[in-house]
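File shown here: my_file25.txt, holding compact mmCIF, C-alpha atoms.
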# COMPACT_ATOMS: atom_id res chain seq x y z
CA MET A 5 128.15 90.15 102.29
CA ALA A 6 125.34 88.42 104.19
CA GLU A 7 126.73 89.65 107.52
CA LEU A 8 127.09 93.20 106.21
CA SER A 9 123.47 93.10 105.05
CA ARG A 10 122.33 91.95 108.49
CA GLN A 11 124.26 94.74 110.22
CA PHE A 12 122.86 97.32 107.82
CA LEU A 13 119.26 96.23 108.29
CA GLN A 14 119.60 95.94 112.05
CA ARG A 15 121.08 99.40 112.21
CA ASP A 16 118.18 100.88 110.24
CA SER A 17 115.47 98.94 112.04
CA SER A 18 115.33 101.66 114.69
CA ASN A 19 114.00 104.08 112.07
CA SER A 20 110.30 104.59 111.33
CA ILE A 21 110.06 101.32 109.39
CA ASP A 22 107.49 98.60 109.89
CA PRO A 23 109.01 96.37 112.62
CA LEU A 24 107.51 93.27 110.97
CA LEU A 25 110.16 93.64 108.29
CA PHE A 26 112.77 92.69 110.87
CA SER A 27 110.98 89.88 112.67
CA VAL A 28 112.87 87.43 110.44
CA ASP A 29 116.54 87.51 109.54
CA PRO A 30 116.42 89.04 106.01
CA MET A 31 119.12 86.66 104.80
CA SER A 32 117.56 83.50 106.26
CA LYS A 33 115.76 82.62 103.04
CA VAL A 34 118.68 83.41 100.73
CA THR A 35 120.99 80.66 99.49
CA CYS A 36 124.02 81.82 97.53
CA VAL A 37 125.55 79.31 95.13
CA ASN A 38 129.16 79.82 94.12
CA VAL A 39 129.52 79.83 90.33
CA ILE A 40 133.09 79.76 89.03
CA THR A 41 132.34 79.43 85.31
CA GLY A 42 131.36 83.05 84.72
CA GLN A 43 127.94 84.42 83.85
CA PRO A 44 125.49 81.57 83.12
CA THR A 45 124.01 81.40 79.65
CA TYR A 46 120.23 81.52 79.30
CA TYR A 47 120.20 77.75 78.91
CA GLN A 48 122.29 77.36 82.07
CA MET A 49 119.91 79.63 83.97
CA PHE A 50 117.04 77.22 83.32
CA LEU A 51 119.24 74.25 84.26
CA ASN A 52 120.16 76.04 87.51
CA ALA A 53 116.45 76.43 88.25
CA LEU A 54 116.08 72.64 88.04
CA SER A 55 118.83 71.93 90.57
CA ASN A 56 118.12 70.54 94.03
CA VAL A 57 119.21 73.86 95.54
CA VAL A 58 115.92 75.31 94.28
CA THR A 59 113.31 73.69 96.51
CA GLY A 60 109.72 73.02 95.55
CA ASP A 61 108.25 72.54 92.10
CA ILE A 62 107.18 76.06 91.09
CA VAL A 63 110.11 78.25 90.04
CA VAL A 64 110.16 82.05 89.84
CA MET A 65 113.28 82.96 87.84
CA ALA A 66 113.91 86.70 87.61
CA ASN A 67 116.52 89.32 86.98
CA ALA A 68 118.33 90.29 90.17
CA ASP A 69 116.73 93.76 90.27
CA MET A 70 113.15 92.46 90.41
CA ALA A 71 111.10 92.66 93.63
CA PHE A 72 107.61 91.27 94.20
CA ASP A 73 104.61 92.25 96.28
CA ASP A 74 102.00 89.93 97.83
CA SER A 75 100.57 89.09 94.41
CA ILE A 76 103.46 86.64 93.93
CA ALA A 77 101.47 84.22 96.11
CA LYS A 78 99.27 83.56 93.10
CA ALA A 79 102.17 81.64 91.52
CA ARG A 80 101.36 78.78 93.92
CA LYS A 81 98.17 78.15 91.91
CA LEU A 82 99.87 78.06 88.50
CA LYS A 83 98.60 75.29 86.24
CA GLU A 84 101.23 72.72 85.31
CA ASP A 85 100.96 73.25 81.56
CA VAL A 86 101.21 77.07 81.66
CA LEU A 87 104.39 79.12 81.29
CA LEU A 88 104.19 82.63 82.71
CA VAL A 89 106.38 85.60 81.90
CA LEU A 90 106.08 88.87 83.82
CA GLY A 91 106.82 92.33 82.53
CA THR A 92 107.96 94.69 85.26
CA ARG A 93 105.80 97.56 86.48
CA GLY A 94 108.97 99.60 86.87
CA PHE A 95 109.43 101.89 89.85
CA SER A 96 106.60 104.22 90.75
CA THR A 97 106.23 105.85 94.14
CA ASN A 98 102.50 106.17 93.42
CA ALA A 99 101.89 102.53 92.50
CA ILE A 100 104.39 100.39 94.39
CA PRO A 101 102.87 98.93 97.60
CA ALA A 102 104.10 100.51 100.82
CA SER A 103 105.28 97.17 102.21
CA THR A 104 107.48 96.57 99.16
CA ARG A 105 108.67 100.17 99.08
CA GLN A 106 109.87 99.88 102.69
CA PHE A 107 112.34 97.18 101.74
CA TYR A 108 113.56 99.43 98.95
CA ASP A 109 114.02 102.42 101.25
CA VAL A 110 115.96 100.40 103.82
CA ILE A 111 118.19 98.37 101.54
CA VAL A 112 118.81 100.84 98.70
CA ARG A 113 118.66 104.01 100.80
CA SER A 114 116.35 105.94 98.52
CA GLU A 115 117.41 109.32 99.94
CA TYR A 116 120.65 108.89 97.98
CA THR A 117 119.17 107.70 94.71
CA ASP A 118 119.08 109.60 91.47
CA GLN A 119 115.49 110.63 90.79
CA GLN A 120 116.14 110.64 87.06
CA LEU A 121 117.13 106.98 87.16
CA LYS A 122 114.02 106.08 89.13
CA ASP A 123 111.85 107.94 86.63
CA SER A 124 113.44 105.99 83.79
CA ASP A 125 112.09 102.66 85.07
CA ARG A 126 108.95 102.50 82.95
CA ASP A 127 105.89 100.37 83.50
CA GLN A 128 106.69 97.71 80.90
CA CYS A 129 103.49 95.85 81.73
CA SER A 130 101.45 98.68 80.25
CA ASN A 131 103.87 100.08 77.68
CA ASN A 132 105.90 97.17 76.34
CA PRO A 133 104.25 93.84 77.18
CA TRP A 134 106.47 91.81 74.83
CA SER A 135 109.38 92.46 77.19
CA TRP A 136 109.73 90.69 80.53
CA ASP A 137 112.19 90.03 83.35
CA THR A 138 110.61 87.05 85.12
CA TRP A 139 109.66 83.46 84.27
CA VAL A 140 107.30 81.29 86.32
CA PHE A 141 106.94 77.56 85.62
CA HIS A 142 106.72 74.08 87.11
CA LYS A 143 110.01 72.19 87.27
CA ASP A 144 108.39 68.93 86.23
CA THR A 145 107.08 70.49 83.04
CA ILE A 146 110.55 71.26 81.66
CA GLN A 147 112.62 68.56 83.41
CA GLY A 148 114.61 66.65 80.77
CA LYS A 149 112.98 68.52 77.89
CA LEU A 150 115.30 71.48 77.25
CA HIS A 151 117.68 71.34 74.28
CA GLU A 152 120.81 73.49 74.36
CA GLU A 153 120.84 73.99 70.58
CA HIS A 154 117.55 75.89 70.84
CA PHE A 155 119.32 78.40 73.09
CA GLN A 156 122.06 79.06 70.53
CA ARG A 157 122.46 81.18 67.39
CA PRO A 158 125.20 81.25 64.71
CA SER A 159 127.96 83.71 65.52
CA VAL A 160 128.58 86.34 62.85
CA THR A 161 132.31 86.25 63.53
CA SER A 162 132.83 82.47 63.43
CA ASN A 163 129.52 81.00 62.18
CA GLU A 164 129.65 78.60 65.14
CA MET A 165 126.55 77.99 67.23
CA THR A 166 126.91 80.25 70.26
CA SER A 167 124.86 80.55 73.46
CA PHE A 168 123.19 83.82 74.39
CA TYR A 169 122.88 85.47 77.80
CA MET A 170 120.06 87.05 79.79
CA ASN A 171 121.21 90.65 79.43
CA GLU A 172 121.49 90.77 75.64
CA ASN A 173 119.03 92.59 73.40
CA GLY A 174 116.17 90.28 72.44
CA ALA A 175 117.40 87.49 74.71
CA GLU A 176 114.09 86.92 76.50
CA ASN A 177 112.29 86.53 73.17
CA ALA A 178 114.89 84.12 71.83
CA ALA A 179 114.68 82.15 75.10
CA LEU A 180 110.89 81.97 74.85
CA TRP A 181 111.21 80.55 71.34
CA ALA A 182 113.58 77.92 72.76
CA MET A 183 111.12 77.07 75.53
CA GLU A 184 108.30 76.73 73.00
CA GLN A 185 110.37 74.28 70.93
CA SER A 186 111.56 72.23 73.88
CA THR A 187 108.53 71.79 76.07
CA ASN A 188 104.85 70.92 75.97
CA PHE A 189 103.32 74.02 77.50
CA ALA A 190 99.69 74.42 76.54
CA THR A 191 100.12 78.18 76.46
CA THR A 192 102.27 81.09 77.58
CA TYR A 193 100.98 84.28 79.17
CA ASN A 194 102.45 87.59 80.14
CA ALA A 195 100.64 87.66 83.47
CA CYS A 196 102.05 90.98 84.68
CA ASP A 197 98.53 92.21 85.43
CA GLU A 198 98.05 89.24 87.80
CA ILE A 199 101.49 89.06 89.46
CA HIS A 200 103.26 92.38 90.00
CA SER A 201 107.02 92.83 89.85
CA TRP A 202 108.84 96.07 90.59
CA SER A 203 112.23 97.27 89.42
CA PHE A 204 114.79 98.08 92.10
CA HIS A 205 117.28 99.11 89.43
CA LEU A 206 119.08 102.40 89.98
CA THR A 207 122.16 102.21 87.78
CA PRO A 208 122.61 102.50 84.01
CA ARG A 209 121.72 99.34 82.10
CA THR A 210 124.51 96.88 81.44
CA HIS A 211 124.78 94.32 78.66
CA HIS A 212 126.69 91.08 78.37
CA SER A 213 128.74 92.39 75.44
CA GLN A 214 130.16 95.79 76.27
CA GLY A 215 132.44 95.73 73.25
CA LYS A 216 132.43 93.76 70.02
CA SER A 217 129.56 91.29 69.89
CA VAL A 218 129.46 87.84 68.32
CA TRP A 219 126.12 88.85 66.77
CA SER A 220 127.51 91.71 64.72
CA GLU A 221 130.81 92.70 63.18
CA ASN A 222 130.44 96.37 64.03
CA GLY A 223 127.07 96.88 65.73
CA ASP A 224 126.73 98.36 69.19
CA ARG A 225 124.81 95.91 71.42
CA PRO A 226 123.03 94.24 68.48
CA TYR A 227 120.00 92.03 68.80
CA ILE A 228 120.31 88.27 69.01
CA PRO A 229 119.53 86.79 65.57
CA LYS A 230 116.19 85.22 64.68
CA PRO A 231 114.12 83.20 65.39
CA TRP A 232 112.42 85.48 67.90
CA GLY A 233 115.49 87.57 68.28
CA GLY A 234 116.42 90.44 66.04
CA GLN A 235 115.14 93.99 66.14
CA PHE A 236 111.47 94.49 65.17
CA VAL A 237 110.79 90.76 64.80
CA ARG A 238 109.80 90.07 68.38
CA PRO A 239 106.45 88.36 69.06
CA ARG A 240 103.50 90.72 69.08
CA TRP A 241 99.74 90.55 69.12
CA ASN A 242 96.77 92.52 67.94
CA GLY A 243 94.33 93.24 70.75
CA MET A 244 93.09 89.90 72.05
CA ARG A 245 93.82 88.01 68.86
CA LYS A 246 96.31 85.21 69.33
CA SER A 247 99.56 85.52 67.42
CA SER A 248 102.88 84.25 68.68
CA PRO A 249 103.20 83.68 72.44
CA PRO A 250 103.20 85.08 75.01
CA TYR A 251 99.57 86.12 75.03
CA PRO A 252 99.04 89.64 76.33
CA PRO A 253 98.09 90.75 79.83
CA LYS A 254 94.41 90.25 80.66
CA TRP A 255 94.25 87.25 78.32
CA CYS A 256 95.24 85.12 81.28
CA GLU A 257 91.86 85.18 82.98
CA ASN A 258 89.60 86.62 80.28
CA GLY A 259 90.50 84.27 77.47
CA GLY A 260 91.09 80.55 77.10
CA LYS A 261 91.30 78.38 80.19
CA GLY A 262 93.20 80.84 82.34
CA CYS A 263 96.49 80.41 84.11
CA PHE A 264 95.61 79.49 87.66
CA PHE A 265 93.66 76.95 89.64
CA ASP A 266 90.82 78.38 91.72
Let me see whether you can do it: turn the structure in this file into structure tokens.
Amino acid sequence: MAELSRQFLQRDSSNSIDPLLFSVDPMSKVTCVNVITGQPTYYQMFLNALSNVVTGDIVVMANADMAFDDSIAKARKLKEDVLLVLGTRGFSTNAIPASTRQFYDVIVRSEYTDQQLKDSDRDQCSNNPWSWDTWVFHKDTIQGKLHEEHFQRPSVTSNEMTSFYMNENGAENAALWAMEQSTNFATTYNACDEIHSWSFHLTPRTHHSQGKSVWSENGDRPYIPKPWGGQFVRPRWNGMRKSSPPYPPKWCENGGKGCFFD
């Protein structure tokens, strides 16, 4: 796959694309880790982020369809006791930076994409800020502090404690609850107005359970049970008033101590 990607990018580099995009082998910073146990649970995803394969202390853990612009550099200044989540800004030809869009055009071949699918990628940062696709945190802050039982819920079918996965309804909210129980973060912010992520997703959404779910006997893609799962019980806020984390966009710098070092 890596070799095919190189050949594809090299072939397209003769087009009217910024040559700086090809000054570095596009796969040189990618390390693929073979996982033979199936899709990782949400708990396993955080454990994977703590492995030695992930270098440095600050981790950006995101869905595979997320892309970032230069604002991601601000993550380097993240305070140690702050957990960030980032709602995606979707896909907008009017808003996405040209340098990020160029990667999209080359890799995804936008001339073949379905415009309707692109239009369906909403700006969640503005429209649904209690949903997110990215986590940013310091390794040292969560090292040795996560508890697997916080990332589990009782199965409806067996009543056994069962782990949940990233692409289940309400999973990010249930995972945030688990992080709040396990760690000593001073605060959590949805910093999507500070660090911008863009959705390179062009296919219909998929879910971990395509058939019968352990969370419901007959429901279609049901929500993960409470706490902080379940439909209509996700964390919310009222303006700038604090309720349950994460605090809303613009709270990061305008309220409290802020997220980042100067």
CA of Cys263 (chain A) and CA of Ile146 (chain A) are how many Å apart?
->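 Going from CA of Cys263 (chain A) over to CA of Ile146 (chain A) covers 17.0 Å.
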What lies within 6 Å of region 48-63 of chain A using all atoms listed in the file, ignoring chain neighbours under 4 positions off, as a count of residues only?
-> 5
Please identify all polymer residues within 10 Å of region 66-82 of chain A, counting only C-alpha atoms, omitting same-chain residues fewer than 5 positions from it, and present them as a PyMOL selection string.
-> chain A and resi 49+61+87-90+92-94+100-105+107-108+136-142+170-171+197-206+262-266
Quick one: pull the distance between CA of Ser167 (chain A) and CA of Tyr46 (chain A), Å, one decimal.
->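 Rounded to one decimal, the two atoms are 7.5 Å apart.
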Distance in Å - CA of Tyr169 (chain A) versus CA of Phe189 (chain A) =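 Distance reported for this atom pair: 22.7 Å.
Considering the residues A:Leu150, A:Val218, A:Val64, A:Val39 and counting all atoms listed in the file, Glu184 (chain A) has its shortest atom-to-atom contact with A:Leu150.
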Can you pull out every residue within 8 Å of Ile228 (chain A), counting all atoms listed in the file, but drop anything in the same chain fewer than 2 positions away, and send it as an MDAnalysis selection string?
-> chainID A and resid 157 168 172:175 178 219 226 230 233:234
Since we have the selection now, will you write its residues out, keeping C-alpha atoms, as a tab-separated table (two decimals), in the coordinates of the input?
chain	number	residue	atom	x	y	z
A	157	ARG	CA	122.46	81.18	67.39
A	168	PHE	CA	123.19	83.82	74.39
A	172	GLU	CA	121.49	90.77	75.64
A	173	ASN	CA	119.03	92.59	73.40
A	174	GLY	CA	116.17	90.28	72.44
A	175	ALA	CA	117.40	87.49	74.71
A	178	ALA	CA	114.89	84.12	71.83
A	219	TRP	CA	126.12	88.85	66.77
A	226	PRO	CA	123.03	94.24	68.48
A	230	LYS	CA	116.19	85.22	64.68
A	233	GLY	CA	115.49	87.57	68.28
A	234	GLY	CA	116.42	90.44	66.04
Name the residues within 10 Å of (106.9, 93.9, 77.7), counting all atoms listed in the file in the file's coordinates, and put them as an NGL selection string.
-> :A and (89-93 or 127-137 or 194 or 196 or 240 or 250 or 252-253)
Selection from above, C-alpha atoms, as a PDB file, in the frame of the given file, can you write it?
ATOM      1  CA  VAL A  89     106.380  85.600  81.900  1.00  0.00           C
ATOM      2  CA  LEU A  90     106.080  88.870  83.820  1.00  0.00           C
ATOM      3  CA  GLY A  91     106.820  92.330  82.530  1.00  0.00           C
ATOM      4  CA  THR A  92     107.960  94.690  85.260  1.00  0.00           C
ATOM      5  CA  ARG A  93     105.800  97.560  86.480  1.00  0.00           C
ATOM      6  CA  ASP A 127     105.890 100.370  83.500  1.00  0.00           C
ATOM      7  CA  GLN A 128     106.690  97.710  80.900  1.00  0.00           C
ATOM      8  CA  CYS A 129     103.490  95.850  81.730  1.00  0.00           C
ATOM      9  CA  SER A 130     101.450  98.680  80.250  1.00  0.00           C
ATOM     10  CA  ASN A 131     103.870 100.080  77.680  1.00  0.00           C
ATOM     11  CA  ASN A 132     105.900  97.170  76.340  1.00  0.00           C
ATOM     12  CA  PRO A 133     104.250  93.840  77.180  1.00  0.00           C
ATOM     13  CA  TRP A 134     106.470  91.810  74.830  1.00  0.00           C
ATOM     14  CA  SER A 135     109.380  92.460  77.190  1.00  0.00           C
ATOM     15  CA  TRP A 136     109.730  90.690  80.530  1.00  0.00           C
ATOM     16  CA  ASP A 137     112.190  90.030  83.350  1.00  0.00           C
ATOM     17  CA  ASN A 194     102.450  87.590  80.140  1.00  0.00           C
ATOM     18  CA  CYS A 196     102.050  90.980  84.680  1.00  0.00           C
ATOM     19  CA  ARG A 240     103.500  90.720  69.080  1.00  0.00           C
ATOM     20  CA  PRO A 250     103.200  85.080  75.010  1.00  0.00           C
ATOM     21  CA  PRO A 252      99.040  89.640  76.330  1.00  0.00           C
ATOM     22  CA  PRO A 253      98.090  90.750  79.830  1.00  0.00           C
TER      23      PRO A 253
END
Out of A:Ala179, A:Ser162, A:Asp144, A:Phe155, which residue has the shortest atom-to-atom distance to Lys83 (chain A) when counting only C-alpha atoms?
->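 Smallest separation from Lys83 (chain A) among the options: A:Asp144.
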